[in-house]
file start_37.pdb (PDB, C-alpha atoms, pLDDT in the B column)
MODEL        1
ATOM      1  CA  MET L  23     -21.090 127.694 126.560  1.00 95.00           C
ATOM      2  CA  ARG L  24     -23.113 126.727 123.483  1.00 96.00           C
ATOM      3  CA  LEU L  25     -22.532 128.687 120.258  1.00 97.00           C
ATOM      4  CA  ARG L  26     -25.082 128.788 117.465  1.00 96.00           C
ATOM      5  CA  GLU L  27     -26.768 130.982 114.906  1.00 96.00           C
ATOM      6  CA  LEU L  28     -29.773 132.795 116.334  1.00 96.00           C
ATOM      7  CA  HIS L  29     -33.271 131.800 115.334  1.00 92.00           C
ATOM      8  CA  ASP L  30     -35.515 134.491 113.847  1.00 89.00           C
ATOM      9  CA  VAL L  31     -37.448 134.870 117.101  1.00 89.00           C
ATOM     10  CA  GLU L  32     -34.183 135.501 119.009  1.00 93.00           C
ATOM     11  CA  LEU L  33     -33.039 138.182 116.604  1.00 95.00           C
ATOM     12  CA  GLU L  34     -35.382 140.736 118.158  1.00 94.00           C
ATOM     13  CA  SER L  35     -33.557 140.374 121.489  1.00 95.00           C
ATOM     14  CA  ALA L  36     -30.183 140.683 119.758  1.00 97.00           C
ATOM     15  CA  ASN L  37     -31.287 143.812 117.907  1.00 97.00           C
ATOM     16  CA  HIS L  38     -32.572 145.292 121.165  1.00 97.00           C
ATOM     17  CA  ILE L  39     -29.066 144.844 122.614  1.00 97.00           C
ATOM     18  CA  TYR L  40     -27.473 146.274 119.469  1.00 95.00           C
ATOM     19  CA  ALA L  41     -29.770 149.313 119.626  1.00 94.00           C
ATOM     20  CA  GLN L  42     -28.784 149.926 123.254  1.00 95.00           C
ATOM     21  CA  ILE L  43     -25.076 149.978 122.356  1.00 91.00           C
ATOM     22  CA  ASP L  44     -25.565 151.978 119.132  1.00 86.00           C
ATOM     23  CA  PHE L  45     -24.538 149.149 116.788  1.00 88.00           C
ATOM     24  CA  ALA L  46     -26.192 148.604 113.430  1.00 86.00           C
ATOM     25  CA  LEU L  47     -29.078 146.177 113.660  1.00 92.00           C
ATOM     26  CA  SER L  48     -28.826 142.705 112.156  1.00 94.00           C
ATOM     27  CA  GLU L  49     -30.776 142.300 108.950  1.00 91.00           C
ATOM     28  CA  PRO L  50     -31.169 138.766 107.603  1.00 91.00           C
ATOM     29  CA  PRO L  51     -30.344 137.377 105.143  1.00 89.00           C
ATOM     30  CA  ARG L  52     -27.426 139.796 104.723  1.00 88.00           C
ATOM     31  CA  ASP L  53     -26.356 139.212 108.322  1.00 92.00           C
ATOM     32  CA  GLN L  54     -25.810 135.973 110.183  1.00 95.00           C
ATOM     33  CA  THR L  55     -26.059 136.595 113.916  1.00 97.00           C
ATOM     34  CA  PHE L  56     -24.630 134.171 116.454  1.00 98.00           C
ATOM     35  CA  GLY L  57     -25.119 133.810 120.154  1.00 98.00           C
ATOM     36  CA  GLY L  58     -23.248 132.310 123.036  1.00 97.00           C
ATOM     37  CA  PHE L  59     -25.540 130.713 125.590  1.00 97.00           C
ATOM     38  CA  VAL L  60     -24.966 129.629 129.172  1.00 96.00           C
ATOM     39  CA  ASN L  61     -27.909 127.776 130.710  1.00 94.00           C
ATOM     40  CA  ASP L  62     -30.104 129.088 127.867  1.00 92.00           C
ATOM     41  CA  GLN L  63     -29.167 132.694 128.727  1.00 95.00           C
ATOM     42  CA  LEU L  64     -27.751 134.811 125.895  1.00 96.00           C
ATOM     43  CA  VAL L  65     -24.326 135.962 127.100  1.00 97.00           C
ATOM     44  CA  GLY L  66     -22.642 136.988 123.861  1.00 98.00           C
ATOM     45  CA  LEU L  67     -23.289 138.104 120.289  1.00 98.00           C
ATOM     46  CA  ALA L  68     -21.331 138.211 117.041  1.00 98.00           C
ATOM     47  CA  ARG L  69     -22.208 138.406 113.385  1.00 95.00           C
ATOM     48  CA  ILE L  70     -21.021 137.976 109.859  1.00 94.00           C
ATOM     49  CA  ASN L  71     -22.194 140.627 107.427  1.00 89.00           C
ATOM     50  CA  HIS L  72     -22.326 139.250 103.889  1.00 88.00           C
ATOM     51  CA  HIS L  73     -21.471 142.031 101.446  1.00 82.00           C
ATOM     52  CA  ALA L  74     -21.122 141.556  97.694  1.00 80.00           C
ATOM     53  CA  ASP L  75     -17.406 142.357  97.780  1.00 78.00           C
ATOM     54  CA  ALA L  76     -16.336 141.115 101.228  1.00 82.00           C
ATOM     55  CA  ARG L  77     -17.377 139.691 104.561  1.00 88.00           C
ATOM     56  CA  GLU L  78     -17.341 141.738 107.714  1.00 88.00           C
ATOM     57  CA  ILE L  79     -17.290 140.348 111.199  1.00 91.00           C
ATOM     58  CA  GLY L  80     -18.434 142.425 114.094  1.00 91.00           C
ATOM     59  CA  GLY L  81     -21.323 143.056 116.393  1.00 93.00           C
ATOM     60  CA  PHE L  82     -19.430 141.503 119.276  1.00 95.00           C
ATOM     61  CA  TRP L  83     -21.097 141.977 122.634  1.00 96.00           C
ATOM     62  CA  THR L  84     -20.599 140.173 125.935  1.00 97.00           C
ATOM     63  CA  HIS L  85     -23.023 140.379 128.839  1.00 97.00           C
ATOM     64  CA  PRO L  86     -21.290 142.372 131.606  1.00 96.00           C
ATOM     65  CA  GLU L  87     -21.513 139.474 134.079  1.00 96.00           C
ATOM     66  CA  HIS L  88     -19.664 137.188 131.647  1.00 97.00           C
ATOM     67  CA  ARG L  89     -16.813 139.476 130.598  1.00 94.00           C
ATOM     68  CA  GLY L  90     -13.371 138.014 131.152  1.00 94.00           C
ATOM     69  CA  ARG L  91     -14.637 134.465 130.508  1.00 95.00           C
ATOM     70  CA  SER L  92     -13.510 134.151 126.849  1.00 95.00           C
ATOM     71  CA  VAL L  93     -17.022 134.619 125.452  1.00 97.00           C
ATOM     72  CA  ALA L  94     -15.822 136.955 122.680  1.00 95.00           C
ATOM     73  CA  THR L  95     -12.841 134.722 121.886  1.00 96.00           C
ATOM     74  CA  ARG L  96     -15.038 131.677 121.460  1.00 97.00           C
ATOM     75  CA  LEU L  97     -17.514 133.596 119.310  1.00 97.00           C
ATOM     76  CA  LEU L  98     -14.718 135.018 117.156  1.00 95.00           C
ATOM     77  CA  CYS L  99     -13.199 131.580 116.571  1.00 94.00           C
ATOM     78  CA  HIS L 100     -16.653 130.242 115.722  1.00 96.00           C
ATOM     79  CA  VAL L 101     -17.386 132.888 113.083  1.00 94.00           C
ATOM     80  CA  LEU L 102     -13.871 132.676 111.628  1.00 92.00           C
ATOM     81  CA  ASP L 103     -14.418 128.951 111.045  1.00 92.00           C
ATOM     82  CA  LEU L 104     -17.513 129.807 108.990  1.00 91.00           C
ATOM     83  CA  LEU L 105     -15.909 132.369 106.677  1.00 87.00           C
ATOM     84  CA  PRO L 106     -15.697 131.487 103.001  1.00 78.00           C
ATOM     85  CA  MET L 107     -12.190 131.267 101.617  1.00 77.00           C
ATOM     86  CA  ASP L 108     -13.060 133.175  98.419  1.00 75.00           C
ATOM     87  CA  ARG L 109     -13.943 136.525 100.028  1.00 79.00           C
ATOM     88  CA  ARG L 110     -12.003 139.221 101.816  1.00 82.00           C
ATOM     89  CA  CYS L 111     -12.936 139.616 105.442  1.00 86.00           C
ATOM     90  CA  PHE L 112     -12.533 142.759 107.491  1.00 85.00           C
ATOM     91  CA  CYS L 113     -13.568 144.230 110.802  1.00 86.00           C
ATOM     92  CA  ILE L 114     -13.618 147.773 112.141  1.00 82.00           C
ATOM     93  CA  PRO L 115     -13.007 147.433 115.871  1.00 83.00           C
ATOM     94  CA  PHE L 116     -12.733 150.084 118.506  1.00 81.00           C
ATOM     95  CA  ALA L 117      -9.016 150.784 118.880  1.00 80.00           C
ATOM     96  CA  HIS L 118      -8.782 149.230 122.350  1.00 83.00           C
ATOM     97  CA  LEU L 119      -9.846 145.881 120.794  1.00 87.00           C
ATOM     98  CA  ALA L 120      -7.381 145.877 117.897  1.00 86.00           C
ATOM     99  CA  ASP L 121      -4.850 143.626 119.646  1.00 89.00           C
ATOM    100  CA  PHE L 122      -7.607 141.092 120.338  1.00 91.00           C
ATOM    101  CA  TYR L 123      -8.285 140.806 116.607  1.00 89.00           C
ATOM    102  CA  ARG L 124      -4.593 140.844 115.693  1.00 89.00           C
ATOM    103  CA  ALA L 125      -4.052 137.910 118.051  1.00 91.00           C
ATOM    104  CA  HIS L 126      -6.546 135.953 115.941  1.00 90.00           C
ATOM    105  CA  GLY L 127      -4.945 136.566 112.549  1.00 88.00           C
ATOM    106  CA  PHE L 128      -6.168 140.009 111.568  1.00 88.00           C
ATOM    107  CA  ARG L 129      -3.674 142.521 110.235  1.00 86.00           C
ATOM    108  CA  ASP L 130      -3.740 146.268 109.796  1.00 82.00           C
ATOM    109  CA  LEU L 131      -4.529 147.327 106.269  1.00 74.00           C
ATOM    110  CA  GLU L 132      -1.718 149.173 104.602  1.00 64.00           C
ATOM    111  CA  PRO L 133      -2.371 152.539 102.906  1.00 53.00           C
ATOM    112  CA  GLU L 134      -1.922 150.951  99.494  1.00 55.00           C
ATOM    113  CA  ASP L 135      -4.575 148.296 100.172  1.00 65.00           C
ATOM    114  CA  SER L 136      -7.799 148.998  98.368  1.00 72.00           C
ATOM    115  CA  LEU L 137     -10.817 148.920 100.618  1.00 71.00           C
ATOM    116  CA  PRO L 138     -13.939 146.998  99.701  1.00 72.00           C
ATOM    117  CA  ARG L 139     -16.925 149.272  99.041  1.00 74.00           C
ATOM    118  CA  SER L 140     -18.651 147.710 102.025  1.00 73.00           C
ATOM    119  CA  ALA L 141     -15.767 148.729 104.303  1.00 74.00           C
ATOM    120  CA  LEU L 142     -16.093 152.313 103.105  1.00 77.00           C
ATOM    121  CA  ALA L 143     -19.827 152.210 103.833  1.00 79.00           C
ATOM    122  CA  LYS L 144     -19.134 150.872 107.326  1.00 77.00           C
ATOM    123  CA  LEU L 145     -16.586 153.618 107.932  1.00 77.00           C
ATOM    124  CA  ASP L 146     -19.250 156.142 106.951  1.00 82.00           C
ATOM    125  CA  PHE L 147     -21.652 154.579 109.486  1.00 81.00           C
ATOM    126  CA  CYS L 148     -18.942 154.783 112.176  1.00 78.00           C
ATOM    127  CA  ALA L 149     -18.250 158.421 111.305  1.00 80.00           C
ATOM    128  CA  ARG L 150     -21.951 159.255 111.698  1.00 84.00           C
ATOM    129  CA  GLN L 151     -22.012 157.452 115.055  1.00 83.00           C
ATOM    130  CA  HIS L 152     -18.932 159.417 116.122  1.00 81.00           C
ATOM    131  CA  ASP L 153     -20.435 162.719 114.972  1.00 85.00           C
ATOM    132  CA  ALA L 154     -23.530 161.948 117.041  1.00 87.00           C
ATOM    133  CA  GLY L 155     -21.341 161.335 120.114  1.00 85.00           C
ATOM    134  CA  ARG L 156     -21.987 157.574 120.217  1.00 82.00           C
ATOM    135  CA  TYR L 157     -18.559 156.260 119.113  1.00 78.00           C
ATOM    136  CA  PRO L 158     -15.058 157.321 120.077  1.00 72.00           C
ATOM    137  CA  PRO L 159     -12.826 158.742 117.340  1.00 63.00           C
ATOM    138  CA  THR L 160     -10.545 155.714 117.682  1.00 64.00           C
ATOM    139  CA  VAL L 161     -13.007 153.489 115.830  1.00 58.00           C
ATOM    140  CA  PHE L 162     -11.491 154.259 112.443  1.00 56.00           C
ATOM    141  CA  LEU L 163      -9.180 151.282 112.345  1.00 60.00           C
ATOM    142  CA  ILE L 164      -9.659 148.595 109.707  1.00 68.00           C
ATOM    143  CA  LEU L 165      -8.257 145.133 110.078  1.00 64.00           C
ATOM    144  CA  GLU L 166      -8.386 142.309 107.572  1.00 74.00           C
ATOM    145  CA  ILE L 167      -7.782 138.606 108.021  1.00 73.00           C
ATOM    146  CA  ARG L 168      -5.780 136.599 105.569  1.00 62.00           C
ATOM    147  CA  HIS L 169      -7.040 133.074 105.242  1.00 54.00           C
ATOM    148  CA  GLY L 170      -4.632 130.570 106.633  1.00 48.00           C
ATOM    149  CA  ALA L 171      -3.108 133.157 108.968  1.00 44.00           C
TER     150      ALA L 171
ENDMDL
END
call {"tool": "encode", "arguments": {"input": "start_37.pdb", "output": "structure tokens"}}
result
Amino acid sequence: MRLRELHDVELESANHIYAQIDFALSEPPRDQTFGGFVNDQLVGLARINHHADAREIGGFWTHPEHRGRSVATRLLCHVLDLLPMDRRCFCIPFAHLADFYRAHGFRDLEPEDSLPRSALAKLDFCARQHDAGRYPPTVFLILEIRHGA
């Protein structure tokens, strides 16, 4: 599998997939969107959202025919390697994916941890998706990676 940042012309296809699964659309330059390709077919997506106060990783999607083949793991490792060391990084996964992120260095935020403004905005987006019946209530889980973990 080849991993690389998507070209502008490929972003339309990625956003079509994101729209189908009720994810926020990628908006460059704030978002860097990456794809996993097998024989030039897009089989996975991930992105880094660049916020003023933090970085957020998310937007993970794997083509149904390629699930169970470590597509998401390879994409996650790829984006983690690109994260700047001077910014906090968080993700807000669906609860059933929390152990996947924990296995790659993410930790649960403690109640005393202050949340970046961008994380609060993302939680608001998730709440609206939940209220519209698009997301399960178990999405409200924030994980953060500590560099060097």
call {"tool": "residues_around", "arguments": {"input": "start_37.pdb", "residues": "region 33-43 of chain L", "least_positions_apart": "6", "cutoff": "10 Å", "atoms": "all atoms listed in the file", "output": "PDB file with C-alpha atoms, keeping the file's coordinate frame"}}
result
ATOM      1  CA  GLU L  27     -26.768 130.982 114.906  1.00 96.00           C
ATOM      2  CA  GLU L  49     -30.776 142.300 108.950  1.00 91.00           C
ATOM      3  CA  PRO L  50     -31.169 138.766 107.603  1.00 91.00           C
ATOM      4  CA  GLN L  54     -25.810 135.973 110.183  1.00 95.00           C
ATOM      5  CA  THR L  55     -26.059 136.595 113.916  1.00 97.00           C
ATOM      6  CA  PHE L  56     -24.630 134.171 116.454  1.00 98.00           C
ATOM      7  CA  GLY L  57     -25.119 133.810 120.154  1.00 98.00           C
ATOM      8  CA  LEU L  64     -27.751 134.811 125.895  1.00 96.00           C
ATOM      9  CA  GLY L  66     -22.642 136.988 123.861  1.00 98.00           C
ATOM     10  CA  LEU L  67     -23.289 138.104 120.289  1.00 98.00           C
ATOM     11  CA  ALA L  68     -21.331 138.211 117.041  1.00 98.00           C
ATOM     12  CA  GLY L  81     -21.323 143.056 116.393  1.00 93.00           C
ATOM     13  CA  PHE L  82     -19.430 141.503 119.276  1.00 95.00           C
ATOM     14  CA  TRP L  83     -21.097 141.977 122.634  1.00 96.00           C
ATOM     15  CA  HIS L  85     -23.023 140.379 128.839  1.00 97.00           C
ATOM     16  CA  ARG L 156     -21.987 157.574 120.217  1.00 82.00           C
ATOM     17  CA  TYR L 157     -18.559 156.260 119.113  1.00 78.00           C
TER      18      TYR L 157
END
call {"tool": "residues_around", "arguments": {"input": "start_37.pdb", "residues": "Val93 (chain L)", "least_positions_apart": "6", "cutoff": "8 Å", "atoms": "only C-alpha atoms", "output": "PDB file with C-alpha atoms, in the coordinates of the input"}}
result
ATOM      1  CA  GLY L  58     -23.248 132.310 123.036  1.00 97.00           C
ATOM      2  CA  VAL L  65     -24.326 135.962 127.100  1.00 97.00           C
ATOM      3  CA  GLY L  66     -22.642 136.988 123.861  1.00 98.00           C
ATOM      4  CA  THR L  84     -20.599 140.173 125.935  1.00 97.00           C
TER       5      THR L  84
END
call {"tool": "resolve_selection", "arguments": {"input": "start_37.pdb", "expression": "the PyMOL selection byres ((chain L and resi 115) around 12)", "output": "JSON list (two decimals) with C-alpha atoms, keeping the file's coordinate frame"}}
result
[["chain", "number", "residue", "atom", "x", "y", "z"],
["L", 45, "PHE", "CA", -24.54, 149.15, 116.79],
["L", 78, "GLU", "CA", -17.34, 141.74, 107.71],
["L", 79, "ILE", "CA", -17.29, 140.35, 111.20],
["L", 80, "GLY", "CA", -18.43, 142.43, 114.09],
["L", 81, "GLY", "CA", -21.32, 143.06, 116.39],
["L", 82, "PHE", "CA", -19.43, 141.50, 119.28],
["L", 83, "TRP", "CA", -21.10, 141.98, 122.63],
["L", 112, "PHE", "CA", -12.53, 142.76, 107.49],
["L", 113, "CYS", "CA", -13.57, 144.23, 110.80],
["L", 114, "ILE", "CA", -13.62, 147.77, 112.14],
["L", 116, "PHE", "CA", -12.73, 150.08, 118.51],
["L", 117, "ALA", "CA", -9.02, 150.78, 118.88],
["L", 118, "HIS", "CA", -8.78, 149.23, 122.35],
["L", 119, "LEU", "CA", -9.85, 145.88, 120.79],
["L", 120, "ALA", "CA", -7.38, 145.88, 117.90],
["L", 121, "ASP", "CA", -4.85, 143.63, 119.65],
["L", 122, "PHE", "CA", -7.61, 141.09, 120.34],
["L", 123, "TYR", "CA", -8.28, 140.81, 116.61],
["L", 124, "ARG", "CA", -4.59, 140.84, 115.69],
["L", 128, "PHE", "CA", -6.17, 140.01, 111.57],
["L", 129, "ARG", "CA", -3.67, 142.52, 110.24],
["L", 130, "ASP", "CA", -3.74, 146.27, 109.80],
["L", 141, "ALA", "CA", -15.77, 148.73, 104.30],
["L", 144, "LYS", "CA", -19.13, 150.87, 107.33],
["L", 145, "LEU", "CA", -16.59, 153.62, 107.93],
["L", 148, "CYS", "CA", -18.94, 154.78, 112.18],
["L", 157, "TYR", "CA", -18.56, 156.26, 119.11],
["L", 158, "PRO", "CA", -15.06, 157.32, 120.08],
["L", 159, "PRO", "CA", -12.83, 158.74, 117.34],
["L", 160, "THR", "CA", -10.54, 155.71, 117.68],
["L", 161, "VAL", "CA", -13.01, 153.49, 115.83],
["L", 162, "PHE", "CA", -11.49, 154.26, 112.44],
["L", 163, "LEU", "CA", -9.18, 151.28, 112.34],
["L", 164, "ILE", "CA", -9.66, 148.60, 109.71],
["L", 165, "LEU", "CA", -8.26, 145.13, 110.08],
["L", 166, "GLU", "CA", -8.39, 142.31, 107.57]]
call {"tool": "closest_residue", "arguments": {"input": "start_37.pdb", "among": "L:His72, L:Arg91, L:Arg77, L:Arg24", "to": "Phe59 (chain L)", "atoms": "all atoms listed in the file"}}
result
L:Arg24
call {"tool": "resolve_selection", "arguments": {"input": "start_37.pdb", "expression": "the PyMOL selection byres ((chain L and resi 139) around 9)", "output": "ChimeraX atom specification"}}
result
/L:73-76,137-138,140-144
call {"tool": "write_last_selection", "arguments": {"input": "start_37.pdb", "atoms": "C-alpha atoms", "output": "PDB file, keeping the file's coordinate frame"}}
result
ATOM      1  CA  HIS L  73     -21.471 142.031 101.446  1.00 82.00           C
ATOM      2  CA  ALA L  74     -21.122 141.556  97.694  1.00 80.00           C
ATOM      3  CA  ASP L  75     -17.406 142.357  97.780  1.00 78.00           C
ATOM      4  CA  ALA L  76     -16.336 141.115 101.228  1.00 82.00           C
ATOM      5  CA  LEU L 137     -10.817 148.920 100.618  1.00 71.00           C
ATOM      6  CA  PRO L 138     -13.939 146.998  99.701  1.00 72.00           C
ATOM      7  CA  SER L 140     -18.651 147.710 102.025  1.00 73.00           C
ATOM      8  CA  ALA L 141     -15.767 148.729 104.303  1.00 74.00           C
ATOM      9  CA  LEU L 142     -16.093 152.313 103.105  1.00 77.00           C
ATOM     10  CA  ALA L 143     -19.827 152.210 103.833  1.00 79.00           C
ATOM     11  CA  LYS L 144     -19.134 150.872 107.326  1.00 77.00           C
TER      12      LYS L 144
END
call {"tool": "closest_residue", "arguments": {"input": "start_37.pdb", "among": "L:Pro86, L:Val31, L:Ala46, L:Arg26", "to": "Gln151 (chain L)", "atoms": "all atoms listed in the file"}}
result
L:Ala46
call {"tool": "atom_distance", "arguments": {"input": "start_37.pdb", "atom1": "CA of Pro106 (chain L)", "atom2": "CA of Ile70 (chain L)"}}
result
10.8 Å
call {"tool": "closest_residue", "arguments": {"input": "start_37.pdb", "among": "L:Pro51, L:His126, L:Glu87, L:His152", "to": "Asp30 (chain L)", "atoms": "all atoms listed in the file"}}
result
L:Pro51
call {"tool": "closest_residue", "arguments": {"input": "start_37.pdb", "among": "L:Ala149, L:Ala154, L:Ile167, L:Leu105", "to": "Leu131 (chain L)", "atoms": "only C-alpha atoms"}}
result
L:Ile167
call {"tool": "atom_distance", "arguments": {"input": "start_37.pdb", "atom1": "CA of Ser48 (chain L)", "atom2": "CA of Leu97 (chain L)"}}
result
16.2 Å
call {"tool": "axis_aligned_box", "arguments": {"input": "start_37.pdb", "around": "region 31-49 of chain L", "padding_each_side": "4 Å", "output": "AutoDock Vina command-line options"}}
result
--center_x -31.0 --center_y 143.4 --center_z 116.1 --size_x 20.9 --size_y 25.1 --size_z 22.3
call {"tool": "build_atoms", "arguments": {"input": "start_37.pdb", "residues": "region 117-141 of chain L", "atoms": "N, CA and C atoms", "output": "JSON list (two decimals), keeping the file's coordinate frame"}}
result
[["chain", "number", "residue", "atom", "x", "y", "z"],
["L", 117, "ALA", "N", -10.47, 150.90, 118.81],
["L", 117, "ALA", "CA", -9.02, 150.78, 118.88],
["L", 117, "ALA", "C", -8.55, 149.92, 120.05],
["L", 118, "HIS", "N", -9.23, 150.00, 121.19],
["L", 118, "HIS", "CA", -8.78, 149.23, 122.35],
["L", 118, "HIS", "C", -8.96, 147.72, 122.15],
["L", 119, "LEU", "N", -9.66, 147.31, 121.08],
["L", 119, "LEU", "CA", -9.85, 145.88, 120.79],
["L", 119, "LEU", "C", -8.97, 145.38, 119.65],
["L", 120, "ALA", "N", -8.17, 146.26, 119.07],
["L", 120, "ALA", "CA", -7.38, 145.88, 117.90],
["L", 120, "ALA", "C", -6.44, 144.71, 118.19],
["L", 121, "ASP", "N", -5.78, 144.71, 119.33],
["L", 121, "ASP", "CA", -4.85, 143.63, 119.65],
["L", 121, "ASP", "C", -5.57, 142.29, 119.79],
["L", 122, "PHE", "N", -6.80, 142.31, 120.26],
["L", 122, "PHE", "CA", -7.61, 141.09, 120.34],
["L", 122, "PHE", "C", -7.76, 140.48, 118.95],
["L", 123, "TYR", "N", -8.12, 141.30, 117.97],
["L", 123, "TYR", "CA", -8.28, 140.81, 116.61],
["L", 123, "TYR", "C", -6.95, 140.40, 115.99],
["L", 124, "ARG", "N", -5.92, 141.18, 116.23],
["L", 124, "ARG", "CA", -4.59, 140.84, 115.69],
["L", 124, "ARG", "C", -4.14, 139.48, 116.21],
["L", 125, "ALA", "N", -4.44, 139.19, 117.46],
["L", 125, "ALA", "CA", -4.05, 137.91, 118.05],
["L", 125, "ALA", "C", -4.75, 136.73, 117.38],
["L", 126, "HIS", "N", -5.80, 137.01, 116.61],
["L", 126, "HIS", "CA", -6.55, 135.95, 115.94],
["L", 126, "HIS", "C", -6.37, 136.00, 114.42],
["L", 127, "GLY", "N", -5.28, 136.62, 113.96],
["L", 127, "GLY", "CA", -4.94, 136.57, 112.55],
["L", 127, "GLY", "C", -5.26, 137.80, 111.74],
["L", 128, "PHE", "N", -5.89, 138.79, 112.32],
["L", 128, "PHE", "CA", -6.17, 140.01, 111.57],
["L", 128, "PHE", "C", -4.90, 140.85, 111.49],
["L", 129, "ARG", "N", -4.82, 141.63, 110.42],
["L", 129, "ARG", "CA", -3.67, 142.52, 110.24],
["L", 129, "ARG", "C", -4.20, 143.91, 109.90],
["L", 130, "ASP", "N", -3.39, 144.91, 110.18],
["L", 130, "ASP", "CA", -3.74, 146.27, 109.80],
["L", 130, "ASP", "C", -3.66, 146.38, 108.28],
["L", 131, "LEU", "N", -4.59, 147.07, 107.71],
["L", 131, "LEU", "CA", -4.53, 147.33, 106.27],
["L", 131, "LEU", "C", -3.49, 148.41, 106.01],
["L", 132, "GLU", "N", -2.73, 148.21, 105.00],
["L", 132, "GLU", "CA", -1.72, 149.17, 104.60],
["L", 132, "GLU", "C", -2.37, 150.26, 103.75],
["L", 133, "PRO", "N", -1.78, 151.46, 103.70],
["L", 133, "PRO", "CA", -2.37, 152.54, 102.91],
["L", 133, "PRO", "C", -2.60, 152.17, 101.45],
["L", 134, "GLU", "N", -1.75, 151.30, 100.90],
["L", 134, "GLU", "CA", -1.92, 150.95, 99.49],
["L", 134, "GLU", "C", -3.01, 149.89, 99.26],
["L", 135, "ASP", "N", -3.50, 149.29, 100.32],
["L", 135, "ASP", "CA", -4.58, 148.30, 100.17],
["L", 135, "ASP", "C", -5.87, 148.98, 99.76],
["L", 136, "SER", "N", -6.51, 148.44, 98.76],
["L", 136, "SER", "CA", -7.80, 149.00, 98.37],
["L", 136, "SER", "C", -8.87, 148.45, 99.31],
["L", 137, "LEU", "N", -9.76, 149.32, 99.70],
["L", 137, "LEU", "CA", -10.82, 148.92, 100.62],
["L", 137, "LEU", "C", -12.04, 148.44, 99.85],
["L", 138, "PRO", "N", -12.67, 147.39, 100.31],
["L", 138, "PRO", "CA", -13.94, 147.00, 99.70],
["L", 138, "PRO", "C", -14.96, 148.12, 99.88],
["L", 139, "ARG", "N", -15.87, 148.25, 98.92],
["L", 139, "ARG", "CA", -16.92, 149.27, 99.04],
["L", 139, "ARG", "C", -17.68, 149.14, 100.36],
["L", 140, "SER", "N", -17.90, 147.92, 100.79],
["L", 140, "SER", "CA", -18.65, 147.71, 102.02],
["L", 140, "SER", "C", -17.89, 148.24, 103.24],
["L", 141, "ALA", "N", -16.56, 148.18, 103.19],
["L", 141, "ALA", "CA", -15.77, 148.73, 104.30],
["L", 141, "ALA", "C", -15.90, 150.25, 104.34]]
